[in-house]
>>> print(open('protein-v1.txt').read())   # compact mmCIF, C-alpha atoms
# COMPACT_ATOMS: atom_id res chain seq x y z
CA MET A 189 105.68 148.84 147.14
CA GLN A 190 104.12 145.64 145.86
CA PHE A 191 101.52 145.06 143.19
CA SER A 192 98.58 142.82 143.89
CA THR A 193 97.57 140.43 141.16
CA ASN A 194 94.67 139.04 143.11
CA GLN A 195 91.44 139.84 141.34
CA ASN A 196 88.59 141.60 143.13
CA GLY A 197 89.96 140.65 146.53
CA PHE A 198 89.91 136.95 145.65
CA ILE A 199 91.84 134.83 148.15
CA PRO A 200 92.50 131.21 147.13
CA LYS A 201 91.09 128.62 149.49
CA ILE A 202 93.76 126.56 151.20
CA GLU A 203 92.94 122.93 150.38
CA GLU A 204 94.21 119.88 152.23
CA LYS A 205 94.84 117.63 149.22
CA TRP A 206 97.69 118.44 146.83
CA TRP A 207 95.57 118.04 143.70
CA ASP A 208 92.95 120.43 145.06
CA ARG A 209 95.66 122.97 145.87
CA PHE A 210 97.31 122.59 142.47
CA THR A 211 94.07 123.00 140.51
CA SER A 212 92.69 125.82 142.68
CA GLN A 213 94.20 128.54 140.46
CA SER A 214 94.32 128.47 136.67
CA HIS A 215 97.82 129.89 136.27
CA GLN A 216 99.28 126.96 138.25
CA LEU A 217 97.97 124.49 135.68
CA TYR A 218 98.74 126.41 132.51
CA PHE A 219 102.15 127.71 133.60
CA THR A 220 103.21 124.21 134.61
CA ALA A 221 102.17 122.89 131.19
CA ALA A 222 104.05 125.74 129.49
CA ILE A 223 107.23 124.88 131.41
CA PHE A 224 106.86 121.17 130.57
CA PHE A 225 106.45 121.90 126.85
CA ALA A 226 109.31 124.42 126.94
CA PHE A 227 111.56 121.46 127.79
CA VAL A 228 109.92 119.03 125.38
CA SER A 229 109.62 121.30 122.33
CA MET A 230 113.20 122.54 122.56
CA LEU A 231 114.60 119.05 123.19
CA LEU A 232 112.76 117.76 120.11
CA THR A 233 113.98 120.83 118.20
CA PHE A 234 117.57 119.95 119.09
CA ILE A 235 117.04 116.32 118.04
CA SER A 236 115.62 117.53 114.72
CA PHE A 237 118.84 119.56 114.19
CA LEU A 238 120.80 116.31 114.39
CA GLY A 239 118.63 114.63 111.76
CA LYS A 240 118.71 111.29 113.57
CA LEU A 241 114.92 110.95 113.77
CA PRO A 242 112.21 111.82 111.20
CA LEU A 243 110.94 114.87 113.09
CA ASP A 244 109.14 117.78 111.45
CA PHE A 245 111.19 120.78 112.60
CA ALA A 246 108.63 123.38 111.43
CA LEU A 247 105.83 121.62 113.30
CA ILE A 248 107.77 121.07 116.52
CA HIS A 249 109.39 124.49 116.64
CA GLY A 250 106.47 126.49 115.22
CA PHE A 251 103.43 124.84 116.78
CA GLY A 252 105.42 123.73 119.82
CA LEU A 253 106.49 127.23 120.86
CA ASN A 254 103.48 129.20 119.57
CA TYR A 255 100.84 126.99 121.16
CA THR A 256 102.18 124.48 123.67
CA VAL A 257 104.51 126.98 125.38
CA PHE A 258 103.39 130.56 124.82
CA THR A 259 99.64 129.97 124.45
CA ASN A 260 99.60 127.83 127.59
CA ALA A 261 101.46 130.55 129.49
CA PHE A 262 99.27 133.41 128.32
CA LEU A 263 96.06 131.40 128.75
CA GLY A 264 96.95 131.01 132.42
CA PHE A 265 97.62 134.73 132.55
CA LEU A 266 94.42 135.76 130.72
CA ILE A 267 92.16 133.50 132.78
CA THR A 268 93.62 135.24 135.83
CA VAL A 269 93.52 138.88 134.68
CA MET A 270 90.45 139.08 132.42
CA PRO A 271 88.07 139.23 135.40
CA LYS A 272 90.30 141.89 137.01
CA PHE A 273 90.44 143.97 133.83
CA ASN A 274 86.64 143.96 133.57
CA GLY A 275 85.47 143.96 137.18
CA SER A 276 83.81 140.60 136.66
CA LYS A 277 83.51 137.38 138.66
CA VAL A 278 86.46 135.00 138.61
CA ILE A 279 86.65 132.21 136.06
CA THR A 280 86.09 129.08 138.13
CA LYS A 281 87.84 125.73 138.25
CA ASN A 282 84.83 124.09 136.61
CA GLU A 283 85.39 126.35 133.61
CA TYR A 284 89.16 125.90 133.14
CA LEU A 285 90.15 122.46 134.51
CA ILE A 286 88.73 120.06 131.89
CA PRO A 287 89.75 122.37 129.00
CA TRP A 288 93.28 122.32 130.45
CA PHE A 289 93.36 118.51 130.20
CA ILE A 290 91.98 118.56 126.67
CA PHE A 291 94.41 121.27 125.52
CA GLN A 292 97.45 119.35 126.79
CA MET A 293 96.34 116.01 125.33
CA ALA A 294 95.62 117.63 121.97
CA SER A 295 99.03 119.35 122.01
CA ILE A 296 100.73 116.01 122.61
CA LEU A 297 98.74 114.48 119.74
CA VAL A 298 100.10 117.15 117.39
CA LEU A 299 103.70 116.61 118.50
CA ILE A 300 103.55 112.82 118.10
CA GLY A 301 102.14 113.00 114.59
CA PHE A 302 98.35 113.25 114.84
CA GLU A 303 98.52 116.79 113.53
CA LYS A 304 95.05 117.40 112.09
CA ILE A 305 92.92 116.12 114.94
CA GLY A 306 95.26 117.64 117.53
CA LYS A 307 95.20 121.11 115.98
CA ILE A 308 91.43 121.07 115.59
CA VAL A 309 90.97 120.17 119.27
CA VAL A 310 93.47 122.84 120.37
CA ALA A 311 91.53 125.37 118.27
CA LEU A 312 88.22 124.23 119.79
CA VAL A 313 89.56 124.79 123.30
CA MET A 314 90.68 128.26 122.24
CA PHE A 315 87.22 129.00 120.78
CA TYR A 316 85.77 127.88 124.12
CA PHE A 317 87.93 130.39 125.99
CA VAL A 318 87.03 133.12 123.50
CA LYS A 319 83.43 132.56 124.62
CA ILE A 320 84.43 132.52 128.30
CA PHE A 321 86.36 135.78 127.89
CA TYR A 322 83.49 137.33 125.91
CA ASP A 323 81.07 136.55 128.75
CA THR A 324 83.56 137.90 131.29
CA ILE A 325 83.89 141.17 129.34
CA LYS A 326 80.15 141.48 128.79
CA GLN A 327 79.24 140.89 132.44
CA GLY A 328 82.01 143.09 133.86
CA ARG A 329 81.38 146.38 135.64
CA ALA A 330 84.45 148.15 134.22
CA THR A 331 83.81 151.20 132.06
CA PHE A 332 86.88 150.70 129.84
CA LYS A 333 86.97 147.33 128.10
CA LYS A 334 88.82 148.01 124.84
CA ASP A 335 92.01 146.22 125.93
CA SER A 336 90.05 143.09 126.80
CA ILE A 337 88.04 143.19 123.58
CA TYR A 338 91.17 143.34 121.44
CA LEU A 339 92.94 140.68 123.50
CA ASN A 340 90.00 138.37 122.91
CA LEU A 341 89.89 139.23 119.21
CA VAL A 342 93.59 138.44 118.73
CA PHE A 343 93.20 135.23 120.75
CA LEU A 344 90.40 134.34 118.32
CA PHE A 345 92.86 134.91 115.44
CA GLY A 346 95.12 132.24 116.95
CA ALA A 347 92.32 129.68 116.88
CA ILE A 348 91.13 130.59 113.37
CA PHE A 349 94.62 130.41 111.85
CA LEU A 350 95.12 126.96 113.37
CA VAL A 351 91.90 125.73 111.74
CA LEU A 352 93.01 127.24 108.42
CA GLU A 353 96.27 125.28 108.66
CA VAL A 354 94.30 122.05 108.85
CA VAL A 355 91.69 122.94 106.22
CA PHE A 356 94.21 124.13 103.59
CA GLN A 357 97.06 121.84 104.74
CA ILE A 358 99.59 124.67 104.91
CA ASN A 359 102.03 125.96 107.51
CA LEU A 360 100.96 129.40 108.71
CA SER A 361 103.54 129.72 111.48
CA LEU A 362 104.76 133.19 110.45
CA LEU A 363 101.21 134.54 110.17
CA ILE A 364 100.42 133.00 113.56
CA PHE A 365 103.58 134.32 115.18
CA PHE A 366 103.05 137.98 114.24
CA SER A 367 99.27 138.33 113.86
CA TYR A 368 98.45 136.27 116.93
CA LEU A 369 101.32 135.78 119.36
CA ILE A 370 103.28 139.04 119.12
CA SER A 371 100.06 141.03 118.80
CA LEU A 372 98.62 139.37 121.93
CA VAL A 373 101.77 139.90 123.98
CA PHE A 374 102.05 143.55 122.92
CA LEU A 375 98.44 144.26 123.92
CA VAL A 376 99.13 142.84 127.38
CA ALA A 377 102.48 144.62 127.73
CA GLN A 378 101.33 148.08 126.61
CA ARG A 379 98.64 148.02 129.29
CA MET A 380 100.37 146.42 132.25
CA ILE A 381 104.03 147.45 132.16
CA PRO A 382 103.40 151.23 132.19
CA ALA A 383 100.80 150.68 134.93
CA PHE A 384 103.26 148.72 137.11
CA TYR A 385 105.98 151.30 136.51
CA SER A 386 103.87 154.39 137.22
CA SER A 387 102.37 152.76 140.33
CA TYR A 388 105.79 152.09 141.82
CA MET A 389 107.56 155.24 140.64
CA GLN A 390 104.56 157.48 141.41
CA THR A 391 104.67 159.01 137.95
CA LEU A 392 101.96 159.71 135.42
CA SER A 393 101.65 157.22 132.58
CA TRP A 394 102.16 158.58 129.08
CA LYS A 395 98.86 159.10 127.31
CA LYS A 396 99.10 156.59 124.48
CA PRO A 397 97.59 157.26 121.03
CA LYS A 398 93.84 156.78 121.04
CA TYR A 399 93.84 154.03 118.42
CA ILE A 400 96.96 152.18 119.54
CA ARG A 401 95.13 148.85 119.81
CA GLU A 402 93.47 149.10 116.41
CA ILE A 403 96.63 150.28 114.64
CA SER A 404 98.94 147.74 116.30
CA THR A 405 96.58 144.84 115.56
CA LEU A 406 96.37 145.90 111.90
CA ILE A 407 100.16 146.32 111.60
CA PHE A 408 100.82 142.87 113.06
CA LEU A 409 98.26 141.36 110.70
CA CYS A 410 99.96 143.06 107.72
CA LEU A 411 103.39 141.84 108.86
CA GLY A 412 102.10 138.30 109.28
CA ILE A 413 100.49 138.25 105.83
CA SER A 414 103.49 139.80 104.06
CA LEU A 415 105.97 137.41 105.69
CA GLN A 416 103.83 134.31 105.34
CA PHE A 417 103.07 134.80 101.66
CA GLU A 418 106.37 136.49 100.74
CA PHE A 419 104.92 139.79 99.53
CA SER A 420 108.26 141.59 99.31
CA LEU A 421 107.08 145.16 98.67
CA PHE A 422 104.27 144.84 101.23
CA LEU A 423 106.82 143.60 103.78
CA LYS A 424 109.12 146.57 103.15
CA ILE A 425 106.25 149.01 103.66
CA SER A 426 104.68 147.29 106.66
CA SER A 427 108.01 146.70 108.44
CA PHE A 428 108.97 150.37 107.93
CA VAL A 429 105.60 151.53 109.28
CA ALA A 430 105.95 149.13 112.21
CA MET A 431 109.48 150.34 113.00
CA ILE A 432 108.36 153.99 113.04
CA PHE A 433 105.03 153.48 114.85
CA PHE A 434 106.30 151.16 117.59
CA GLY A 435 109.54 153.14 117.89
CA TYR A 436 107.40 156.18 118.68
CA ILE A 437 105.46 154.17 121.28
CA VAL A 438 108.56 152.68 122.93
CA ILE A 439 110.45 156.00 123.11
CA ASN A 440 107.50 157.86 124.64
CA LEU A 441 106.39 155.29 127.24
CA ASN A 442 108.30 157.14 129.99
CA ILE A 443 109.28 153.96 131.85
CA TYR A 444 113.07 154.09 131.68
CA LYS A 445 114.17 155.49 135.01
CA LYS A 446 115.81 153.11 137.46
CA SER A 447 113.17 150.76 138.92
CA PRO A 448 113.08 147.44 140.82
CA ALA A 449 114.29 144.43 138.84
CA ILE A 450 110.84 142.81 138.73
CA ILE A 451 109.73 145.87 136.70
CA SER A 452 112.92 146.63 134.74
CA ILE A 453 112.96 143.05 133.38
CA LYS A 454 109.69 143.84 131.60
CA VAL A 455 110.85 147.31 130.55
CA ILE A 456 113.91 145.87 128.78
CA SER A 457 111.61 143.65 126.71
CA PHE A 458 110.24 146.80 125.04
CA ILE A 459 113.75 147.76 123.92
CA TRP A 460 114.22 144.37 122.25
CA PHE A 461 110.75 144.81 120.75
CA GLU A 462 111.90 147.87 118.78
CA ILE A 463 115.25 146.27 117.90
CA GLY A 464 113.24 143.42 116.37
CA PHE A 465 111.47 145.85 114.03
CA ILE A 466 114.74 147.46 113.01
CA ALA A 467 116.18 144.02 112.19
CA LEU A 468 113.03 143.06 110.29
CA PHE A 469 113.15 146.23 108.19
CA ILE A 470 116.84 145.67 107.34
CA GLU A 471 116.09 142.05 106.37
CA SER A 472 113.26 143.20 104.10
CA ILE A 473 115.30 145.94 102.40
CA PHE A 474 118.30 143.74 101.62
CA GLU A 475 116.13 140.64 101.08
CA ILE A 476 118.50 138.45 103.07
CA TYR A 477 117.81 135.14 104.74
CA SER A 478 119.28 135.34 108.22
CA LEU A 479 117.80 132.23 109.86
CA LYS A 480 114.86 134.40 110.96
CA LEU A 481 116.97 136.80 113.01
CA SER A 482 114.22 139.36 113.66
CA LEU A 483 111.69 136.64 114.54
CA HIS A 484 113.98 135.30 117.26
CA ILE A 485 114.67 138.79 118.62
CA PHE A 486 110.91 139.10 119.08
CA ALA A 487 110.51 135.57 120.44
CA LEU A 488 113.40 135.69 122.92
CA GLY A 489 113.99 139.38 123.57
CA PHE A 490 110.32 140.37 123.79
CA VAL A 491 108.11 137.34 124.46
CA ALA A 492 110.44 135.11 126.51
CA THR A 493 111.71 138.04 128.59
CA LEU A 494 108.12 139.03 129.37
CA LEU A 495 107.26 135.40 130.08
CA ILE A 496 109.96 135.32 132.75
CA GLY A 497 108.90 138.69 134.16
CA PHE A 498 105.14 138.18 134.15
CA GLY A 499 105.38 134.49 135.07
CA SER A 500 107.55 135.18 138.12
CA ARG A 501 105.31 138.01 139.23
CA VAL A 502 102.05 136.09 138.88
CA VAL A 503 103.44 133.05 140.72
CA MET A 504 104.60 135.23 143.63
CA GLY A 505 101.46 137.40 143.58
CA HIS A 506 99.15 134.40 143.86
CA ALA A 507 101.31 132.27 146.15
CA VAL A 508 99.69 130.65 149.19
CA PRO A 509 100.93 131.84 151.62
CA ALA A 510 101.67 135.20 149.99
CA GLN A 511 105.19 136.05 148.83
CA LYS A 512 106.85 139.42 148.48
CA ILE A 513 106.80 140.44 144.82
CA ILE A 514 110.49 141.05 144.14
CA ALA A 515 113.09 139.66 141.74
CA ASP A 516 115.53 137.68 143.87
CA LYS A 517 119.02 136.59 142.76
CA ILE A 518 117.74 133.48 140.96
CA THR A 519 115.09 135.42 139.04
CA LYS A 520 117.69 138.00 138.01
CA PHE A 521 120.02 135.20 136.91
CA VAL A 522 117.25 133.65 134.78
CA PHE A 523 116.64 137.05 133.18
CA VAL A 524 120.35 137.43 132.38
CA LEU A 525 120.39 133.88 131.00
CA THR A 526 117.45 134.77 128.75
CA GLN A 527 119.55 137.56 127.27
CA VAL A 528 122.47 135.14 126.80
CA VAL A 529 120.15 132.76 124.91
CA LEU A 530 119.10 135.67 122.71
CA VAL A 531 122.65 136.79 122.03
CA SER A 532 123.62 133.19 121.16
CA ARG A 533 120.75 133.04 118.68
CA ILE A 534 121.72 136.42 117.19
CA LEU A 535 125.32 135.20 116.76
CA ALA A 536 124.02 132.09 114.99
CA SER A 537 122.28 134.30 112.42
CA VAL A 538 125.29 136.62 111.99
CA LEU A 539 127.65 133.67 111.50
CA PHE A 540 125.22 132.11 109.04
CA LEU A 541 125.26 135.32 106.99
CA ASN A 542 129.07 135.16 106.99
CA ASP A 543 128.99 131.57 105.69
CA SER A 544 130.61 130.31 108.88
CA MET A 545 129.68 126.74 109.82
CA ILE A 546 130.19 127.67 113.46
CA TYR A 547 126.61 128.98 113.37
CA MET A 548 125.31 125.46 114.07
CA GLY A 549 127.26 125.43 117.33
CA PHE A 550 125.50 128.59 118.45
CA LEU A 551 122.13 127.16 117.41
CA HIS A 552 122.80 124.11 119.59
CA LEU A 553 124.05 126.34 122.41
CA SER A 554 120.94 128.52 122.35
CA SER A 555 118.74 125.40 122.47
CA TRP A 556 120.51 123.96 125.53
CA LEU A 557 120.66 127.34 127.27
CA TRP A 558 116.89 127.65 126.74
CA ILE A 559 116.37 124.31 128.50
CA PHE A 560 118.80 125.25 131.27
CA MET A 561 117.03 128.59 131.71
CA PHE A 562 113.69 126.91 132.40
CA ILE A 563 115.33 124.35 134.69
CA ILE A 564 116.68 127.20 136.85
CA TRP A 565 113.32 128.99 136.80
CA SER A 566 111.63 125.75 137.85
CA VAL A 567 114.09 125.25 140.71
CA ARG A 568 113.07 128.67 142.03
CA TYR A 569 109.32 128.57 141.45
CA ALA A 570 108.19 124.94 141.03
CA LYS A 571 107.24 124.33 144.68
CA THR A 572 105.19 127.51 144.75
CA LEU A 573 103.66 126.88 141.33
CA VAL A 574 102.57 123.27 141.88
CA ARG A 575 101.73 123.86 145.56
CA ILE A 576 103.81 121.00 146.94
CA LYS A 577 103.66 122.60 150.39
CA GLN A 578 101.07 124.77 152.10
>>> encode(input="protein-v1.txt", output="structure tokens")
Amino acid sequence: MQFSTNQNGFIPKIEEKWWDRFTSQSHQLYFTAAIFFAFVSMLLTFISFLGKLPLDFALIHGFGLNYTVFTNAFLGFLITVMPKFNGSKVITKNEYLIPWFIFQMASILVLIGFEKIGKIVVALVMFYFVKIFYDTIKQGRATFKKDSIYLNLVFLFGAIFLVLEVVFQINLSLLIFFSYLISLVFLVAQRMIPAFYSSYMQTLSWKKPKYIREISTLIFLCLGISLQFEFSLFLKISSFVAMIFFGYIVINLNIYKKSPAIISIKVISFIWFEIGFIALFIESIFEIYSLKLSLHIFALGFVATLLIGFGSRVVMGHAVPAQKIIADKITKFVFVLTQVVLVSRILASVLFLNDSMIYMGFLHLSSWLWIFMFIIWSVRYAKTLVRIKQ
């Protein structure tokens, strides 16, 4: 059984010119930009490790991954699925093409040193899409819109926090990571992964708690605030609550029977999601600095794993001509490589805690494996994504 990602029966028009084909679907533009910045941000991160150039590691690694990579990827995804979620008309090329250009140029400005103007422009583009998504939700025929409303709210958080960074000249990367990025990804995952699984396995989805969206958004906001401003007691309490609440959600999702790889890749991300909370709680209790171990479990185990799973599925689901939505050998290899990157990063933190200088080797290894991972993914999907051939 396959899962259609086409919205409301929309079939992309087959254009003669490459540029028209490439720009005909939003995910092609935004995913391509995400892949490009995945290379660039991690390469600059590695160079900053070496200390040979005056690069701002926090800016490159924080802004680079949060906005140029993950926001690009999930913007492409949201522009595609928001109309489907709400039974609304598709978001047209006229609405997403010029903002795509502006977003990428502004991202480059930030990375090359024009931080204030670049961040403001990135935030303005995000505010623009908040309005687009609001109109899509409002005009939609769907009776249940809560998921979309909260997705748009959390996306708004991402834009507001970026403006606050500029206004108060502070780095809010931890607040942004938890209150915006992880919150956004969880809201997508808790809706779509159980739906994919139950559709294929012909099982009933677990009835999630009524206020799961409200509670999860609040918990992520509390985690972001406590980590960003180093409220130690608040972090202990919020991380414990998060570990228990999300552990309850993950255990009860009823999605753990054997399923096709294109689904199980996403399912495994939920396991790492809970492991991340366990690690965060342990870090808070013992007040140890572990090179942000829990943060990287979330970033690689949860977000990057989902990025590979959802990205591969959307590219195949919207391919012209259509492709069968399965995880082939290359996709499975990229998934395994993602887990190797994660394990390398975990080892770096463990070795750092043991005062072993070998930890730097594992940091470098995880950086290069990240780049290699996206090279392999691009080899498999680039032609389909950028529409080189009909």
>>> closest_residue(input="protein-v1.txt", among="A:Ser387, A:Thr493, A:Thr331, A:Asn340", to="A:Lys319", atoms="all atoms listed in the file")
A:Asn340
>>> closest_residue(input="protein-v1.txt", among="A:Gly499, A:Asn442, A:Ser537, A:Ile325", to="A:Lys272", atoms="only C-alpha atoms")
A:Ile325
>>> closest_residue(input="protein-v1.txt", among="A:Val538, A:Met389, A:Val524, A:Ile563", to="A:Tyr444", atoms="only C-alpha atoms")
A:Met389
>>> residues_around(input="protein-v1.txt", residues="A:Ile437", least_positions_apart="3", cutoff="9 Å", atoms="all atoms listed in the file", output="ChimeraX atom specification")
/A:396-397,400,432-434,440-441
>>> residues_around(input="protein-v1.txt", residues="A:Pro448", least_positions_apart="4", cutoff="10 Å", atoms="only C-alpha atoms", output="ChimeraX atom specification")
/A:189,385,388-389,452-453,514-515
>>> write_last_selection(input="protein-v1.txt", atoms="C-alpha atoms", output="PDB file, keeping the file's coordinate frame")
ATOM      1  CA  MET A 189     105.680 148.840 147.140  1.00  0.00           C
ATOM      2  CA  TYR A 385     105.980 151.300 136.510  1.00  0.00           C
ATOM      3  CA  TYR A 388     105.790 152.090 141.820  1.00  0.00           C
ATOM      4  CA  MET A 389     107.560 155.240 140.640  1.00  0.00           C
ATOM      5  CA  SER A 452     112.920 146.630 134.740  1.00  0.00           C
ATOM      6  CA  ILE A 453     112.960 143.050 133.380  1.00  0.00           C
ATOM      7  CA  ILE A 514     110.490 141.050 144.140  1.00  0.00           C
ATOM      8  CA  ALA A 515     113.090 139.660 141.740  1.00  0.00           C
TER       9      ALA A 515
END
>>> residues_near_point(input="protein-v1.txt", point="(97.0, 141.8, 116.0)", cutoff="6 Å", atoms="only C-alpha atoms", output="compact mmCIF listing (two decimals) with C-alpha atoms, keeping the file's coordinate frame")
# COMPACT_ATOMS: atom_id res chain seq x y z
CA VAL A 342 93.59 138.44 118.73
CA SER A 367 99.27 138.33 113.86
CA TYR A 368 98.45 136.27 116.93
CA SER A 371 100.06 141.03 118.80
CA THR A 405 96.58 144.84 115.56
CA LEU A 406 96.37 145.90 111.90
CA PHE A 408 100.82 142.87 113.06
CA LEU A 409 98.26 141.36 110.70
>>> atom_distance(input="protein-v1.txt", atom1="atom CA of A:His506", atom2="atom CA of A:Met270")
15.1 Å
>>> closest_residue(input="protein-v1.txt", among="A:Asn254, A:Ser276, A:Ser447, A:Ser426", to="A:Val373", atoms="all atoms listed in the file")
A:Asn254
>>> residues_near_point(input="protein-v1.txt", point="(107.2, 131.3, 110.2)", cutoff="9 Å", atoms="all atoms listed in the file", output="VMD selection string")
chain A and resid 246 250 359 to 366 412 415 to 416 480 483
>>> residues_around(input="protein-v1.txt", residues="A:Val309", least_positions_apart="5", cutoff="9 Å", atoms="all atoms listed in the file", output="list in words")
Ile290, Phe291, Ala294, Ser295, Lys304 and Met314 of chain A
>>> residues_around(input="protein-v1.txt", residues="stretch 212-217 of chain A", least_positions_apart="3", cutoff="9 Å", atoms="only C-alpha atoms", output="ChimeraX atom specification")
/A:200-203,207-209,220-222,260-268,279-281,284-285,288,499,502-503,506,572-575
>>> atom_distance(input="protein-v1.txt", atom1="atom CA of A:Phe349", atom2="atom CA of A:Glu283")
24.0 Å
>>> atom_distance(input="protein-v1.txt", atom1="atom CA of A:Ser554", atom2="atom CA of A:Val529")
5.0 Å
>>> closest_residue(input="protein-v1.txt", among="A:Ala467, A:Tyr477, A:Ile443, A:Gly497", to="A:Gln390", atoms="all atoms listed in the file")
A:Ile443
>>> residues_around(input="protein-v1.txt", residues="A:Phe562", least_positions_apart="2", cutoff="9 Å", atoms="only C-alpha atoms", output="ChimeraX atom specification")
/A:223,226-227,522,557-560,564-567
>>> axis_aligned_box(input="protein-v1.txt", around="stretch 487-496 of chain A", padding_each_side="8 Å", output="JSON")
{"center_x": 110.6, "center_y": 137.7, "center_z": 126.6, "size_x": 22.7, "size_y": 21.3, "size_z": 28.3}
>>> closest_residue(input="protein-v1.txt", among="A:Val455, A:Leu350, A:Ala311, A:Val508", to="A:Leu247", atoms="all atoms listed in the file")
A:Leu350
